[in-house]
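Undergrad: A single structure is presented below for examination.
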Amino acid sequence: MRGPLLAAAGGAMGGAGGPLARTIRAKLTAALQPTHLEVRDDSPRHGGPPGAETHFGVLVVSGRFAGLPLLQRHRLVHDALRAELAVPLHALQVIARTPEQWQSDPHAPPAPPCLGGSKRERRRG
């Protein structure tokens, strides 16, 4: 995953990050007991002020995802972050894999590009 990496695999889940990044890491760890977790703050790529913490990407590898379709996996992540998605978190990219999937392909797709949308920009229509 590109961007500032704020959490890493297994027990080595330290790393920098603001309060929202730390909350995301803690809540996903508690809810899903991941074997691998990455939290990426993409906010600087979206033109917000420094420290905005509004756009994140997460890569979660958990046995809890076994047998679940992708939509159900995303729902588990969203349920864990319900309060954050209600207010401070504007965008969340989720990659949710089982340990077996991660073992066979330990690569995450790149973050999607920012398509703009700043309130300060005037759109042509």
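Note on naming: chains are A, B, ... as they come in the structure tokens, residues start from 1 per chain, ligands start from 1 in the order shown.
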So that I can check the surroundings of Pro69 in chain A, please list as a list in words every protein, DNA and RNA residue that reaches within 12 Å of it, counting only C-alpha atoms and ignoring chain neighbours fewer than 4 positions away.
TA: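 My reading of the contact set: Arg64, Phe65, Arg73, His74, Arg75, Leu76, Ala96, Arg97 and Thr98 of chain A.
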Undergrad: Would you please give, as a VMD selection string, all residues of range 44-78 of chain A that DSSP assigns to strand (DSSP E) based on the backbone?
TA: chain A and resid 55 to 61
Undergrad: Please provide as a PDB file with all heavy atoms, in the first residue's frame all residues within 12 Å of Leu85 in chain A, with the sequence filter that same-chain residues fewer than 6 positions apart are discarded (counting only C-alpha atoms).
TA:
ATOM      1  N   LEU A  20      -6.769   9.475  14.927  1.00  0.00           N
ATOM      2  CA  LEU A  20      -7.730   8.656  14.181  1.00  0.00           C
ATOM      3  C   LEU A  20      -7.058   7.402  13.649  1.00  0.00           C
ATOM      4  O   LEU A  20      -7.636   6.312  13.696  1.00  0.00           O
ATOM      5  CB  LEU A  20      -8.380   9.457  13.051  1.00  0.00           C
ATOM      6  CG  LEU A  20      -9.460   8.716  12.263  1.00  0.00           C
ATOM      7  CD1 LEU A  20     -10.561   8.183  13.183  1.00  0.00           C
ATOM      8  CD2 LEU A  20     -10.050   9.622  11.199  1.00  0.00           C
ATOM      9  N   THR A  23      -6.802   4.992  16.445  1.00  0.00           N
ATOM     10  CA  THR A  23      -8.122   4.445  16.765  1.00  0.00           C
ATOM     11  C   THR A  23      -8.524   3.369  15.754  1.00  0.00           C
ATOM     12  O   THR A  23      -9.028   2.310  16.129  1.00  0.00           O
ATOM     13  CB  THR A  23      -9.186   5.563  16.794  1.00  0.00           C
ATOM     14  OG1 THR A  23      -8.844   6.480  17.839  1.00  0.00           O
ATOM     15  CG2 THR A  23     -10.580   5.017  17.018  1.00  0.00           C
ATOM     16  N   ILE A  24      -8.299   3.641  14.472  1.00  0.00           N
ATOM     17  CA  ILE A  24      -8.613   2.662  13.425  1.00  0.00           C
ATOM     18  C   ILE A  24      -7.839   1.377  13.681  1.00  0.00           C
ATOM     19  O   ILE A  24      -8.401   0.280  13.662  1.00  0.00           O
ATOM     20  CB  ILE A  24      -8.299   3.227  12.029  1.00  0.00           C
ATOM     21  CG1 ILE A  24      -9.299   4.328  11.671  1.00  0.00           C
ATOM     22  CG2 ILE A  24      -8.288   2.123  10.976  1.00  0.00           C
ATOM     23  CD1 ILE A  24      -8.936   5.119  10.429  1.00  0.00           C
ATOM     24  N   GLU A  53      -6.574  13.804   8.628  1.00  0.00           N
ATOM     25  CA  GLU A  53      -7.025  12.432   8.875  1.00  0.00           C
ATOM     26  C   GLU A  53      -8.449  12.190   8.386  1.00  0.00           C
ATOM     27  O   GLU A  53      -9.343  11.833   9.151  1.00  0.00           O
ATOM     28  CB  GLU A  53      -6.909  12.082  10.366  1.00  0.00           C
ATOM     29  CG  GLU A  53      -5.489  11.921  10.841  1.00  0.00           C
ATOM     30  CD  GLU A  53      -5.422  11.217  12.172  1.00  0.00           C
ATOM     31  OE1 GLU A  53      -5.944  11.782  13.155  1.00  0.00           O
ATOM     32  OE2 GLU A  53      -4.866  10.114  12.216  1.00  0.00           O
ATOM     33  N   THR A  54      -8.669  12.362   7.098  1.00  0.00           N
ATOM     34  CA  THR A  54     -10.002  12.183   6.527  1.00  0.00           C
ATOM     35  C   THR A  54     -10.088  11.027   5.533  1.00  0.00           C
ATOM     36  O   THR A  54     -11.172  10.519   5.284  1.00  0.00           O
ATOM     37  CB  THR A  54     -10.452  13.461   5.803  1.00  0.00           C
ATOM     38  OG1 THR A  54      -9.465  13.784   4.816  1.00  0.00           O
ATOM     39  CG2 THR A  54     -10.620  14.613   6.772  1.00  0.00           C
ATOM     40  N   HIS A  55      -8.974  10.623   4.957  1.00  0.00           N
ATOM     41  CA  HIS A  55      -8.940   9.575   3.933  1.00  0.00           C
ATOM     42  C   HIS A  55      -7.939   8.496   4.351  1.00  0.00           C
ATOM     43  O   HIS A  55      -6.764   8.797   4.551  1.00  0.00           O
ATOM     44  CB  HIS A  55      -8.501  10.141   2.587  1.00  0.00           C
ATOM     45  CG  HIS A  55      -9.446  11.140   2.002  1.00  0.00           C
ATOM     46  ND1 HIS A  55      -9.637  12.395   2.535  1.00  0.00           N
ATOM     47  CD2 HIS A  55     -10.254  11.058   0.919  1.00  0.00           C
ATOM     48  CE1 HIS A  55     -10.524  13.047   1.797  1.00  0.00           C
ATOM     49  NE2 HIS A  55     -10.923  12.258   0.819  1.00  0.00           N
ATOM     50  N   PHE A  56      -8.417   7.250   4.448  1.00  0.00           N
ATOM     51  CA  PHE A  56      -7.551   6.150   4.861  1.00  0.00           C
ATOM     52  C   PHE A  56      -7.732   4.941   3.952  1.00  0.00           C
ATOM     53  O   PHE A  56      -8.774   4.769   3.320  1.00  0.00           O
ATOM     54  CB  PHE A  56      -7.870   5.715   6.299  1.00  0.00           C
ATOM     55  CG  PHE A  56      -7.294   6.613   7.340  1.00  0.00           C
ATOM     56  CD1 PHE A  56      -7.995   7.718   7.784  1.00  0.00           C
ATOM     57  CD2 PHE A  56      -6.045   6.362   7.879  1.00  0.00           C
ATOM     58  CE1 PHE A  56      -7.470   8.560   8.747  1.00  0.00           C
ATOM     59  CE2 PHE A  56      -5.505   7.195   8.842  1.00  0.00           C
ATOM     60  CZ  PHE A  56      -6.219   8.303   9.278  1.00  0.00           C
ATOM     61  N   VAL A  77     -15.493  -4.721   8.640  1.00  0.00           N
ATOM     62  CA  VAL A  77     -14.586  -3.592   8.827  1.00  0.00           C
ATOM     63  C   VAL A  77     -15.387  -2.326   9.130  1.00  0.00           C
ATOM     64  O   VAL A  77     -15.084  -1.593  10.074  1.00  0.00           O
ATOM     65  CB  VAL A  77     -13.675  -3.402   7.592  1.00  0.00           C
ATOM     66  CG1 VAL A  77     -12.873  -2.108   7.677  1.00  0.00           C
ATOM     67  CG2 VAL A  77     -12.745  -4.605   7.425  1.00  0.00           C
ATOM     68  N   HIS A  78     -16.415  -2.078   8.346  1.00  0.00           N
ATOM     69  CA  HIS A  78     -17.240  -0.885   8.550  1.00  0.00           C
ATOM     70  C   HIS A  78     -17.934  -0.913   9.913  1.00  0.00           C
ATOM     71  O   HIS A  78     -18.058   0.130  10.566  1.00  0.00           O
ATOM     72  CB  HIS A  78     -18.259  -0.733   7.423  1.00  0.00           C
ATOM     73  CG  HIS A  78     -17.674  -0.169   6.180  1.00  0.00           C
ATOM     74  ND1 HIS A  78     -18.155   0.964   5.578  1.00  0.00           N
ATOM     75  CD2 HIS A  78     -16.623  -0.567   5.420  1.00  0.00           C
ATOM     76  CE1 HIS A  78     -17.440   1.239   4.506  1.00  0.00           C
ATOM     77  NE2 HIS A  78     -16.505   0.318   4.394  1.00  0.00           N
ATOM     78  N   ASP A  79     -18.394  -2.087  10.337  1.00  0.00           N
ATOM     79  CA  ASP A  79     -19.028  -2.189  11.660  1.00  0.00           C
ATOM     80  C   ASP A  79     -18.043  -1.818  12.768  1.00  0.00           C
ATOM     81  O   ASP A  79     -18.412  -1.146  13.728  1.00  0.00           O
ATOM     82  CB  ASP A  79     -19.571  -3.596  11.901  1.00  0.00           C
ATOM     83  CG  ASP A  79     -20.845  -3.879  11.131  1.00  0.00           C
ATOM     84  OD1 ASP A  79     -21.446  -2.923  10.584  1.00  0.00           O
ATOM     85  OD2 ASP A  79     -21.233  -5.066  11.054  1.00  0.00           O
ATOM     86  N   ALA A  91     -13.335   8.982   3.727  1.00  0.00           N
ATOM     87  CA  ALA A  91     -13.153   7.930   2.732  1.00  0.00           C
ATOM     88  C   ALA A  91     -12.305   6.801   3.306  1.00  0.00           C
ATOM     89  O   ALA A  91     -11.331   7.045   4.015  1.00  0.00           O
ATOM     90  CB  ALA A  91     -12.489   8.496   1.483  1.00  0.00           C
ATOM     91  N   LEU A  92     -12.683   5.561   2.983  1.00  0.00           N
ATOM     92  CA  LEU A  92     -11.969   4.392   3.475  1.00  0.00           C
ATOM     93  C   LEU A  92     -11.866   3.368   2.358  1.00  0.00           C
ATOM     94  O   LEU A  92     -12.881   2.876   1.863  1.00  0.00           O
ATOM     95  CB  LEU A  92     -12.709   3.788   4.672  1.00  0.00           C
ATOM     96  CG  LEU A  92     -12.081   2.551   5.294  1.00  0.00           C
ATOM     97  CD1 LEU A  92     -10.735   2.899   5.938  1.00  0.00           C
ATOM     98  CD2 LEU A  92     -13.028   1.944   6.332  1.00  0.00           C
ATOM     99  N   GLN A  93     -10.636   3.040   1.970  1.00  0.00           N
ATOM    100  CA  GLN A  93     -10.387   1.959   1.026  1.00  0.00           C
ATOM    101  C   GLN A  93     -10.114   0.706   1.850  1.00  0.00           C
ATOM    102  O   GLN A  93      -9.254   0.726   2.736  1.00  0.00           O
ATOM    103  CB  GLN A  93      -9.183   2.248   0.127  1.00  0.00           C
ATOM    104  CG  GLN A  93      -8.895   1.104  -0.827  1.00  0.00           C
ATOM    105  CD  GLN A  93      -7.509   1.167  -1.451  1.00  0.00           C
ATOM    106  OE1 GLN A  93      -6.606   1.821  -0.942  1.00  0.00           O
ATOM    107  NE2 GLN A  93      -7.342   0.474  -2.552  1.00  0.00           N
TER     108      GLN A  93
END
Undergrad: Find the spatial neighbours of Pro106 in chain A, counting only C-alpha atoms, within a cut-off of 10 Å - ignore same-chain residues fewer than 5 positions away - and output them as a PyMOL selection string.
TA: chain A and resi 61+97+99-101
Undergrad: Filtering to all heavy atoms, could you give me those residues as a short mmCIF file (atom, residue, chain, number, x, y, z; two decimals), in the first residue's frame?
TA:
data_model
loop_
_atom_site.label_atom_id
_atom_site.label_comp_id
_atom_site.auth_asym_id
_atom_site.auth_seq_id
_atom_site.Cartn_x
_atom_site.Cartn_y
_atom_site.Cartn_z
N VAL A 61 -5.90 -8.63 7.18
CA VAL A 61 -5.83 -10.07 6.93
C VAL A 61 -6.30 -10.75 8.21
O VAL A 61 -5.70 -10.57 9.28
CB VAL A 61 -4.39 -10.51 6.59
CG1 VAL A 61 -4.33 -12.01 6.37
CG2 VAL A 61 -3.87 -9.75 5.37
N ARG A 97 -8.61 -9.70 3.35
CA ARG A 97 -8.20 -11.02 2.87
C ARG A 97 -8.10 -12.02 4.01
O ARG A 97 -7.87 -11.64 5.15
CB ARG A 97 -6.84 -10.92 2.18
CG ARG A 97 -6.89 -10.07 0.94
CD ARG A 97 -5.63 -10.19 0.16
NE ARG A 97 -5.70 -9.37 -1.05
CZ ARG A 97 -4.64 -8.95 -1.69
NH1 ARG A 97 -3.44 -9.26 -1.27
NH2 ARG A 97 -4.78 -8.23 -2.78
N PRO A 99 -5.95 -15.22 5.74
CA PRO A 99 -4.52 -15.51 5.81
C PRO A 99 -4.03 -16.34 4.61
O PRO A 99 -2.93 -16.11 4.11
CB PRO A 99 -4.38 -16.29 7.12
CG PRO A 99 -5.50 -15.77 7.98
CD PRO A 99 -6.63 -15.54 7.00
N GLU A 100 -4.86 -17.25 4.14
CA GLU A 100 -4.47 -18.07 2.99
C GLU A 100 -4.33 -17.21 1.72
O GLU A 100 -3.40 -17.40 0.93
CB GLU A 100 -5.49 -19.20 2.76
CG GLU A 100 -5.54 -20.22 3.87
CD GLU A 100 -6.30 -19.74 5.11
OE1 GLU A 100 -7.08 -18.77 5.02
OE2 GLU A 100 -6.09 -20.35 6.18
N GLN A 101 -5.26 -16.30 1.52
CA GLN A 101 -5.18 -15.41 0.37
C GLN A 101 -3.93 -14.53 0.45
O GLN A 101 -3.25 -14.32 -0.54
CB GLN A 101 -6.42 -14.52 0.28
CG GLN A 101 -7.66 -15.26 -0.11
CD GLN A 101 -8.89 -14.40 0.02
OE1 GLN A 101 -9.03 -13.62 0.97
NE2 GLN A 101 -9.83 -14.54 -0.92
#
Undergrad: Can you work out the spacing between CA of Arg25 in chain A and CA of Leu37 in chain A in Å, to one decimal?
TA: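 One can read the CA of Arg25 in chain A to CA of Leu37 in chain A distance as 7.7 Å.
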Undergrad: Do a neighbour search on Ser43 in chain A at 10 Å with only C-alpha atoms, toss out local chain neighbours closer than 4 positions, and write the hits as a ChimeraX atom specification.
TA: /A:3-4,47-57,89-91,114
Undergrad: Produce a file of the selected residues containing N, CA, C and O atoms, as a short mmCIF file (atom, residue, chain, number, x, y, z; two decimals), in the first residue's frame.
TA:
data_model
loop_
_atom_site.label_atom_id
_atom_site.label_comp_id
_atom_site.auth_asym_id
_atom_site.auth_seq_id
_atom_site.Cartn_x
_atom_site.Cartn_y
_atom_site.Cartn_z
N GLY A 3 1.63 5.41 0.45
CA GLY A 3 1.22 6.42 1.42
C GLY A 3 1.88 6.12 2.75
O GLY A 3 2.54 5.11 2.91
N PRO A 4 1.74 7.01 3.72
CA PRO A 4 2.34 6.78 5.02
C PRO A 4 1.76 5.52 5.66
O PRO A 4 0.57 5.45 5.91
N GLY A 47 -5.61 16.98 -0.57
CA GLY A 47 -5.65 18.43 -0.46
C GLY A 47 -6.17 18.99 0.84
O GLY A 47 -6.42 20.19 0.93
N GLY A 48 -6.33 18.16 1.85
CA GLY A 48 -6.79 18.68 3.13
C GLY A 48 -5.64 19.33 3.89
O GLY A 48 -4.48 19.20 3.52
N PRO A 49 -5.95 20.01 4.96
CA PRO A 49 -4.90 20.64 5.76
C PRO A 49 -4.05 19.57 6.46
O PRO A 49 -4.51 18.44 6.65
N PRO A 50 -2.83 19.90 6.85
CA PRO A 50 -1.99 18.92 7.56
C PRO A 50 -2.70 18.38 8.79
O PRO A 50 -3.35 19.11 9.53
N GLY A 51 -2.60 17.07 8.97
CA GLY A 51 -3.23 16.42 10.12
C GLY A 51 -4.72 16.19 9.99
O GLY A 51 -5.37 15.84 10.97
N ALA A 52 -5.27 16.35 8.79
CA ALA A 52 -6.73 16.25 8.61
C ALA A 52 -7.29 14.87 8.94
O ALA A 52 -8.38 14.76 9.48
N GLU A 53 -6.57 13.80 8.63
CA GLU A 53 -7.02 12.43 8.88
C GLU A 53 -8.45 12.19 8.39
O GLU A 53 -9.34 11.83 9.15
N THR A 54 -8.67 12.36 7.10
CA THR A 54 -10.00 12.18 6.53
C THR A 54 -10.09 11.03 5.53
O THR A 54 -11.17 10.52 5.28
N HIS A 55 -8.97 10.62 4.96
CA HIS A 55 -8.94 9.57 3.93
C HIS A 55 -7.94 8.50 4.35
O HIS A 55 -6.76 8.80 4.55
N PHE A 56 -8.42 7.25 4.45
CA PHE A 56 -7.55 6.15 4.86
C PHE A 56 -7.73 4.94 3.95
O PHE A 56 -8.77 4.77 3.32
N GLY A 57 -6.71 4.11 3.95
CA GLY A 57 -6.79 2.80 3.33
C GLY A 57 -6.37 1.78 4.38
O GLY A 57 -5.45 2.03 5.17
N LEU A 89 -14.16 10.42 9.49
CA LEU A 89 -13.59 9.69 8.35
C LEU A 89 -14.44 9.89 7.11
O LEU A 89 -15.61 9.52 7.07
N HIS A 90 -13.84 10.48 6.07
CA HIS A 90 -14.56 10.78 4.84
C HIS A 90 -14.49 9.64 3.83
O HIS A 90 -15.46 9.37 3.13
N ALA A 91 -13.34 8.98 3.73
CA ALA A 91 -13.15 7.93 2.73
C ALA A 91 -12.31 6.80 3.31
O ALA A 91 -11.33 7.05 4.02
N CYS A 114 -6.70 10.29 -6.45
CA CYS A 114 -7.64 11.30 -6.00
C CYS A 114 -8.28 11.94 -7.23
O CYS A 114 -7.59 12.33 -8.16
#
Undergrad: Would you mind reading off the distance between CA of Asp105 in chain A and CA of Val60 in chain A, one decimal, in Å?
TA: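 If I compute the distance from CA of Asp105 in chain A to CA of Val60 in chain A, I get 13.5 Å.
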Undergrad: So which residues touch Leu59 in chain A within 10 Å, counting only C-alpha atoms, skipping near sequence neighbours fewer than 6 positions away, as a PyMOL selection string?
TA: chain A and resi 1+7-8+34+36-40+93-97+107-109
